[in-house]
>>> print(open('final_1.cif').read())   # mmCIF, C-alpha atoms and all ligand atoms
data_structure
#
loop_
_atom_site.group_PDB
_atom_site.id
_atom_site.type_symbol
_atom_site.label_atom_id
_atom_site.label_comp_id
_atom_site.auth_asym_id
_atom_site.auth_seq_id
_atom_site.Cartn_x
_atom_site.Cartn_y
_atom_site.Cartn_z
ATOM 1 C CA MET A 1 -1.174 8.288 18.050
ATOM 2 C CA LEU A 2 1.009 10.260 15.630
ATOM 3 C CA ASN A 3 -0.857 10.602 12.337
ATOM 4 C CA ILE A 4 1.648 10.751 9.461
ATOM 5 C CA VAL A 5 1.337 11.486 5.755
ATOM 6 C CA VAL A 6 4.179 10.254 3.555
ATOM 7 C CA CYS A 7 4.971 12.144 0.325
ATOM 8 C CA VAL A 8 6.738 10.193 -2.418
ATOM 9 C CA SER A 9 7.834 10.499 -6.051
ATOM 10 C CA GLY A 10 9.426 7.192 -7.024
ATOM 11 C CA GLY A 11 10.241 3.685 -5.918
ATOM 12 C CA GLY A 12 9.170 4.184 -2.334
ATOM 13 C CA THR A 13 11.772 2.053 -0.561
ATOM 14 C CA ASN A 14 11.812 4.565 2.299
ATOM 15 C CA LEU A 15 8.011 4.388 2.446
ATOM 16 C CA GLN A 16 8.383 0.587 2.654
ATOM 17 C CA ALA A 17 10.835 0.959 5.545
ATOM 18 C CA ILE A 18 8.215 3.070 7.355
ATOM 19 C CA ILE A 19 5.413 0.580 6.615
ATOM 20 C CA ASP A 20 7.621 -2.281 7.866
ATOM 21 C CA GLY A 21 8.630 -0.280 10.937
ATOM 22 C CA VAL A 22 4.993 0.339 11.899
ATOM 23 C CA LYS A 23 4.194 -3.346 11.372
ATOM 24 C CA ASN A 24 7.143 -4.718 13.345
ATOM 25 C CA ARG A 25 6.738 -2.035 16.005
ATOM 26 C CA THR A 26 10.172 -0.443 15.670
ATOM 27 C CA ILE A 27 7.943 2.593 14.985
ATOM 28 C CA GLN A 28 5.403 2.866 17.787
ATOM 29 C CA ASN A 29 2.396 5.107 18.437
ATOM 30 C CA THR A 30 2.179 5.951 14.703
ATOM 31 C CA LYS A 31 -0.455 5.584 11.985
ATOM 32 C CA ILE A 32 0.161 6.162 8.257
ATOM 33 C CA ALA A 33 -2.935 8.188 7.347
ATOM 34 C CA GLY A 34 -2.078 8.435 3.662
ATOM 35 C CA VAL A 35 0.522 8.543 0.911
ATOM 36 C CA ILE A 36 0.659 11.335 -1.672
ATOM 37 C CA SER A 37 2.675 11.177 -4.887
ATOM 38 C CA ASN A 38 3.264 13.839 -7.530
ATOM 39 C CA ASN A 39 3.920 11.076 -10.034
ATOM 40 C CA VAL A 40 1.098 8.778 -11.088
ATOM 41 C CA SER A 41 3.430 5.921 -12.026
ATOM 42 C CA ALA A 42 5.425 5.979 -8.776
ATOM 43 C CA TYR A 43 5.851 2.404 -7.532
ATOM 44 C CA ALA A 44 5.454 3.839 -4.036
ATOM 45 C CA LEU A 45 1.688 4.196 -4.720
ATOM 46 C CA LYS A 46 1.470 0.438 -5.323
ATOM 47 C CA ARG A 47 3.308 -0.243 -2.055
ATOM 48 C CA ALA A 48 0.723 1.873 -0.205
ATOM 49 C CA GLU A 49 -2.244 0.270 -1.959
ATOM 50 C CA ALA A 50 -0.897 -3.210 -1.155
ATOM 51 C CA GLU A 51 -1.112 -2.277 2.528
ATOM 52 C CA GLY A 52 -4.557 -0.718 2.277
ATOM 53 C CA ILE A 53 -3.146 2.750 2.951
ATOM 54 C CA PRO A 54 -5.057 5.597 1.219
ATOM 55 C CA ALA A 55 -2.854 6.640 -1.712
ATOM 56 C CA LEU A 56 -3.369 9.450 -4.176
ATOM 57 C CA CYS A 57 -1.573 11.412 -6.851
ATOM 58 C CA VAL A 58 -1.511 15.206 -7.173
ATOM 59 C CA SER A 59 0.398 15.932 -10.364
ATOM 60 C CA PRO A 60 1.686 19.458 -11.167
ATOM 61 C CA GLY A 61 1.059 18.749 -14.877
ATOM 62 C CA LYS A 62 -2.698 18.574 -14.263
ATOM 63 C CA PHE A 63 -2.916 22.217 -13.111
ATOM 64 C CA GLU A 64 -2.874 25.544 -14.947
ATOM 65 C CA ASN A 65 -0.046 26.913 -12.843
ATOM 66 C CA ARG A 66 2.084 26.308 -9.783
ATOM 67 C CA ASP A 67 -0.220 28.181 -7.398
ATOM 68 C CA GLU A 68 -3.158 25.973 -8.330
ATOM 69 C CA PHE A 69 -1.061 22.841 -7.836
ATOM 70 C CA ASN A 70 0.220 24.130 -4.487
ATOM 71 C CA ASP A 71 -3.339 24.817 -3.281
ATOM 72 C CA ALA A 72 -4.573 21.378 -4.380
ATOM 73 C CA PHE A 73 -1.575 19.646 -2.788
ATOM 74 C CA LEU A 74 -2.019 21.493 0.502
ATOM 75 C CA SER A 75 -5.732 20.772 0.507
ATOM 76 C CA GLU A 76 -5.106 16.997 0.112
ATOM 77 C CA ILE A 77 -2.560 17.127 2.933
ATOM 78 C CA ASP A 78 -5.039 19.005 5.171
ATOM 79 C CA LYS A 79 -7.772 16.436 4.534
ATOM 80 C CA LEU A 80 -5.541 13.725 6.015
ATOM 81 C CA ASN A 81 -5.064 15.811 9.161
ATOM 82 C CA PRO A 82 -1.392 14.936 9.733
ATOM 83 C CA ASP A 83 0.614 15.540 12.907
ATOM 84 C CA LEU A 84 3.762 14.912 10.857
ATOM 85 C CA ILE A 85 4.483 15.045 7.109
ATOM 86 C CA VAL A 86 7.320 12.781 5.971
ATOM 87 C CA LEU A 87 9.069 13.547 2.676
ATOM 88 C CA ALA A 88 10.398 10.151 1.594
ATOM 89 C CA GLY A 89 12.049 10.760 -1.771
ATOM 90 C CA PHE A 90 9.595 13.558 -2.619
ATOM 91 C CA LEU A 91 11.070 15.678 -5.389
ATOM 92 C CA VAL A 92 8.661 18.624 -5.397
ATOM 93 C CA ILE A 93 9.401 22.001 -3.774
ATOM 94 C CA ILE A 94 7.177 22.379 -0.713
ATOM 95 C CA PRO A 95 4.820 25.388 -0.995
ATOM 96 C CA GLN A 96 5.638 28.286 1.330
ATOM 97 C CA LYS A 97 2.089 28.209 2.773
ATOM 98 C CA MET A 98 2.552 24.589 3.746
ATOM 99 C CA ILE A 99 5.896 25.250 5.446
ATOM 100 C CA GLU A 100 4.256 28.007 7.514
ATOM 101 C CA LYS A 101 1.204 25.930 8.385
ATOM 102 C CA TYR A 102 3.195 22.807 9.316
ATOM 103 C CA ARG A 103 6.327 24.397 10.776
ATOM 104 C CA ASP A 104 8.462 21.821 12.648
ATOM 105 C CA ARG A 105 6.037 19.138 11.489
ATOM 106 C CA ILE A 106 7.637 18.282 8.112
ATOM 107 C CA ILE A 107 10.713 16.047 7.916
ATOM 108 C CA ASN A 108 12.826 14.975 4.929
ATOM 109 C CA ILE A 109 15.362 12.229 4.240
ATOM 110 C CA HIS A 110 18.393 13.334 2.212
ATOM 111 C CA PRO A 111 20.988 10.844 0.903
ATOM 112 C CA SER A 112 24.156 12.581 2.119
ATOM 113 C CA LEU A 113 25.699 13.948 5.285
ATOM 114 C CA ILE A 114 24.341 17.519 5.210
ATOM 115 C CA PRO A 115 25.924 20.079 4.632
ATOM 116 C CA SER A 116 27.784 18.018 2.011
ATOM 117 C CA PHE A 117 26.139 17.322 -1.336
ATOM 118 C CA CYS A 118 22.835 19.033 -0.633
ATOM 119 C CA GLY A 119 20.805 22.033 -1.814
ATOM 120 C CA THR A 120 19.370 22.844 -5.232
ATOM 121 C CA GLY A 121 20.094 20.175 -7.849
ATOM 122 C CA PHE A 122 21.219 17.535 -5.350
ATOM 123 C CA TYR A 123 18.646 14.764 -5.341
ATOM 124 C CA GLY A 124 18.513 11.018 -5.916
ATOM 125 C CA LEU A 125 21.381 9.504 -7.886
ATOM 126 C CA LYS A 126 22.953 12.926 -8.549
ATOM 127 C CA VAL A 127 23.981 13.153 -4.901
ATOM 128 C CA HIS A 128 25.960 9.925 -5.173
ATOM 129 C CA GLU A 129 27.468 10.880 -8.554
ATOM 130 C CA GLU A 130 28.818 14.072 -6.985
ATOM 131 C CA ALA A 131 30.111 12.264 -3.883
ATOM 132 C CA LEU A 132 32.025 9.813 -6.096
ATOM 133 C CA LYS A 133 33.364 12.645 -8.297
ATOM 134 C CA ARG A 134 34.664 14.459 -5.233
ATOM 135 C CA GLY A 135 36.254 11.262 -3.969
ATOM 136 C CA VAL A 136 34.864 11.328 -0.427
ATOM 137 C CA LYS A 137 35.503 8.180 1.584
ATOM 138 C CA ILE A 138 32.519 8.618 3.897
ATOM 139 C CA THR A 139 29.002 9.624 2.944
ATOM 140 C CA GLY A 140 25.632 8.823 4.535
ATOM 141 C CA ALA A 141 22.137 10.145 5.072
ATOM 142 C CA THR A 142 20.401 12.876 7.057
ATOM 143 C CA VAL A 143 16.879 13.309 8.437
ATOM 144 C CA HIS A 144 16.041 16.971 8.983
ATOM 145 C CA TYR A 145 13.114 19.319 9.497
ATOM 146 C CA VAL A 146 12.001 21.237 6.422
ATOM 147 C CA ASP A 147 12.221 25.019 6.422
ATOM 148 C CA GLU A 148 12.188 27.660 3.656
ATOM 149 C CA GLY A 149 15.630 26.685 2.307
ATOM 150 C CA THR A 150 16.671 23.562 0.404
ATOM 151 C CA ASP A 151 18.036 21.012 2.911
ATOM 152 C CA THR A 152 18.728 23.783 5.454
ATOM 153 C CA GLY A 153 16.384 22.771 8.280
ATOM 154 C CA ARG A 154 17.419 21.546 11.713
ATOM 155 C CA ILE A 155 19.126 18.137 11.624
ATOM 156 C CA ILE A 156 17.422 15.301 13.528
ATOM 157 C CA LEU A 157 19.579 12.243 12.758
ATOM 158 C CA GLN A 158 22.568 11.366 10.577
ATOM 159 C CA LYS A 159 24.325 8.092 9.808
ATOM 160 C CA ALA A 160 27.652 7.620 8.039
ATOM 161 C CA VAL A 161 28.298 5.040 5.304
ATOM 162 C CA GLU A 162 31.639 4.040 3.765
ATOM 163 C CA VAL A 163 32.389 4.642 0.079
ATOM 164 C CA LEU A 164 34.193 1.603 -1.323
ATOM 165 C CA GLU A 165 36.628 1.089 -4.194
ATOM 166 C CA GLY A 166 34.730 0.421 -7.425
ATOM 167 C CA ASP A 167 31.447 1.973 -6.287
ATOM 168 C CA THR A 168 29.091 3.184 -9.001
ATOM 169 C CA PRO A 169 26.408 5.777 -8.137
ATOM 170 C CA GLN A 170 23.835 2.957 -8.134
ATOM 171 C CA ILE A 171 25.862 0.709 -5.823
ATOM 172 C CA LEU A 172 26.562 3.590 -3.451
ATOM 173 C CA GLN A 173 22.913 4.684 -3.480
ATOM 174 C CA ARG A 174 21.808 1.188 -2.483
ATOM 175 C CA ARG A 175 24.387 0.984 0.356
ATOM 176 C CA VAL A 176 23.344 4.411 1.688
ATOM 177 C CA MET A 177 19.700 3.293 1.648
ATOM 178 C CA GLU A 178 20.382 -0.053 3.346
ATOM 179 C CA GLN A 179 22.879 1.152 5.938
ATOM 180 C CA ALA A 180 21.449 4.594 6.670
ATOM 181 C CA GLU A 181 18.153 5.799 5.155
ATOM 182 C CA TRP A 182 15.975 2.784 5.969
ATOM 183 C CA ILE A 183 17.254 2.926 9.560
ATOM 184 C CA ILE A 184 17.271 6.613 10.477
ATOM 185 C CA LEU A 185 13.977 7.632 8.841
ATOM 186 C CA PRO A 186 11.915 5.076 10.831
ATOM 187 C CA GLN A 187 14.002 5.913 13.921
ATOM 188 C CA ALA A 188 13.279 9.641 13.599
ATOM 189 C CA ILE A 189 9.546 9.002 13.227
ATOM 190 C CA ASN A 190 9.574 6.719 16.265
ATOM 191 C CA GLU A 191 11.418 9.343 18.326
ATOM 192 C CA ILE A 192 8.969 12.073 17.295
ATOM 193 C CA ALA A 193 6.013 9.755 18.032
ATOM 194 C CA ALA A 194 7.454 8.952 21.457
ATOM 195 C CA GLY A 195 7.412 12.633 22.364
ATOM 196 C CA TYR A 196 4.034 13.268 20.800
ATOM 197 C CA ARG A 197 1.073 14.076 23.019
ATOM 198 C CA GLU A 198 -2.380 14.823 21.637
HETATM 199 C C1 LIG A 201 16.164 8.330 -1.536
HETATM 200 O O1 LIG A 201 17.522 7.989 -1.692
HETATM 201 C C2 LIG A 201 16.027 9.676 -0.853
HETATM 202 O O2 LIG A 201 16.995 9.889 0.120
HETATM 203 C C3 LIG A 201 16.215 10.604 -2.022
HETATM 204 O O3 LIG A 201 15.486 10.002 -3.081
HETATM 205 C C4 LIG A 201 15.529 8.577 -2.901
HETATM 206 C C5 LIG A 201 14.110 8.042 -2.969
HETATM 207 O O4 LIG A 201 14.087 6.639 -2.938
HETATM 208 N N1 LIG A 201 15.757 11.925 -1.709
HETATM 209 C C6 LIG A 201 16.343 13.037 -2.164
HETATM 210 O O5 LIG A 201 17.294 13.023 -2.897
HETATM 211 C C7 LIG A 201 15.714 14.332 -1.660
HETATM 212 N N2 LIG A 201 16.571 15.451 -1.927
HETATM 213 P P1 LIG A 201 12.775 5.849 -2.526
HETATM 214 O O6 LIG A 201 11.629 6.366 -3.395
HETATM 215 O O7 LIG A 201 13.106 4.408 -2.868
HETATM 216 O O8 LIG A 201 12.521 6.048 -1.068
#
>>> encode(input="final_1.cif", output="structure tokens")
Amino acid sequence: MLNIVVCVSGGGTNLQAIIDGVKNRTIQNTKIAGVISNNVSAYALKRAEAEGIPALCVSPGKFENRDEFNDAFLSEIDKLNPDLIVLAGFLVIIPQKMIEKYRDRIINIHPSLIPSFCGTGFYGLKVHEEALKRGVKITGATVHYVDEGTDTGRIILQKAVEVLEGDTPQILQRRVMEQAEWIILPQAINEIAAGYRE
């Protein structure tokens, strides 16, 4: 059984797609051991609690400095003993120590076709604003492993989505979620779980 921890910051629709995938068995051999948010008011925490999944918040604001936050965050992750850490809309920079400790065991969903519209400053709605500004006709989403860079890790899955006339960033964001993110993130977890041996 692949033990996963899902890290979130906001609405948690990708977390919901994972929860649903485990329930309807499109994700097999996987258990969600816990959900960690950096933001106490993230709706994602409520989604986890509704399913009886252990959910907790580790907020950078509650610590003296970044190192203390990083240590506390890593310690909460360690307690859940994950085989895989899934960043599902998690907007905090992953501590170096954690990348080293969990190398090739952290994955992230990004709402564009990497290497377009990614890297520092490209997150959430901003990604779609920039895609619309540039006038691309195709965008999409990417699941990739997390390494030391921002959105530079090895690509696992990508899915393209059409940009349509009259799209706003919000409309495009929703289409990218529905047609790409909520499909490829569960799919990537299922594929990793299928190859996972204890
Ligand atoms: C998703 O679109 C995800 O791809 C994006 O944040 C959103 C979170 O939504 N992540 C990034 O931009 C990471 N660079 P959710 O909380 O509803 O899953």
>>> resolve_selection(input="final_1.cif", expression="the PyMOL selection byres (((chain A and resi 88) around 8) and not hetatm)", output="number ranges by chain")
A: 6-8, 12, 14-15, 86-87, 89-90, 108-109
>>> write_last_selection(input="final_1.cif", atoms="C-alpha atoms", output="compact mmCIF listing (two decimals), in the coordinates of the input")
# COMPACT_ATOMS: atom_id res chain seq x y z
CA VAL A 6 4.18 10.25 3.56
CA CYS A 7 4.97 12.14 0.32
CA VAL A 8 6.74 10.19 -2.42
CA GLY A 12 9.17 4.18 -2.33
CA ASN A 14 11.81 4.57 2.30
CA LEU A 15 8.01 4.39 2.45
CA VAL A 86 7.32 12.78 5.97
CA LEU A 87 9.07 13.55 2.68
CA GLY A 89 12.05 10.76 -1.77
CA PHE A 90 9.60 13.56 -2.62
CA ASN A 108 12.83 14.98 4.93
CA ILE A 109 15.36 12.23 4.24
>>> residues_around(input="final_1.cif", residues="Ile77 (chain A)", least_positions_apart="4", cutoff="10 Å", atoms="all atoms listed in the file", output="ChimeraX atom specification")
/A:5-7,33-36,71-73,81-82,85,98
>>> residues_around(input="final_1.cif", residues="Ile184 (chain A)", least_positions_apart="4", cutoff="10 Å", atoms="all atoms listed in the file", output="compact mmCIF listing (two decimals) with C-alpha atoms, keeping the file's coordinate frame")
# COMPACT_ATOMS: atom_id res chain seq x y z
CA ALA A 17 10.84 0.96 5.54
CA ILE A 109 15.36 12.23 4.24
CA ALA A 141 22.14 10.14 5.07
CA THR A 142 20.40 12.88 7.06
CA VAL A 143 16.88 13.31 8.44
CA ILE A 156 17.42 15.30 13.53
CA LEU A 157 19.58 12.24 12.76
CA GLN A 158 22.57 11.37 10.58
CA LYS A 159 24.32 8.09 9.81
CA MET A 177 19.70 3.29 1.65
CA GLN A 179 22.88 1.15 5.94
CA ALA A 180 21.45 4.59 6.67
CA ALA A 188 13.28 9.64 13.60
CA ILE A 189 9.55 9.00 13.23
CA ASN A 190 9.57 6.72 16.26
>>> resolve_selection(input="final_1.cif", expression="the PyMOL selection byres (((chain A and resi 18) around 8) and not hetatm)", output="PyMOL selection string")
chain A and resi 14-17+19-22+27+182+185-186
>>> write_last_selection(input="final_1.cif", atoms="C-alpha atoms", output="CSV table (one decimal), in the coordinates of the input")
chain,number,residue,atom,x,y,z
A,14,ASN,CA,11.8,4.6,2.3
A,15,LEU,CA,8.0,4.4,2.4
A,16,GLN,CA,8.4,0.6,2.7
A,17,ALA,CA,10.8,1.0,5.5
A,19,ILE,CA,5.4,0.6,6.6
A,20,ASP,CA,7.6,-2.3,7.9
A,21,GLY,CA,8.6,-0.3,10.9
A,22,VAL,CA,5.0,0.3,11.9
A,27,ILE,CA,7.9,2.6,15.0
A,182,TRP,CA,16.0,2.8,6.0
A,185,LEU,CA,14.0,7.6,8.8
A,186,PRO,CA,11.9,5.1,10.8
>>> resolve_selection(input="final_1.cif", expression="the PyMOL selection byres (((chain A and resi 125) around 9) and not hetatm)", output="PyMOL selection string")
chain A and resi 111+122-124+126-130+169-170+173
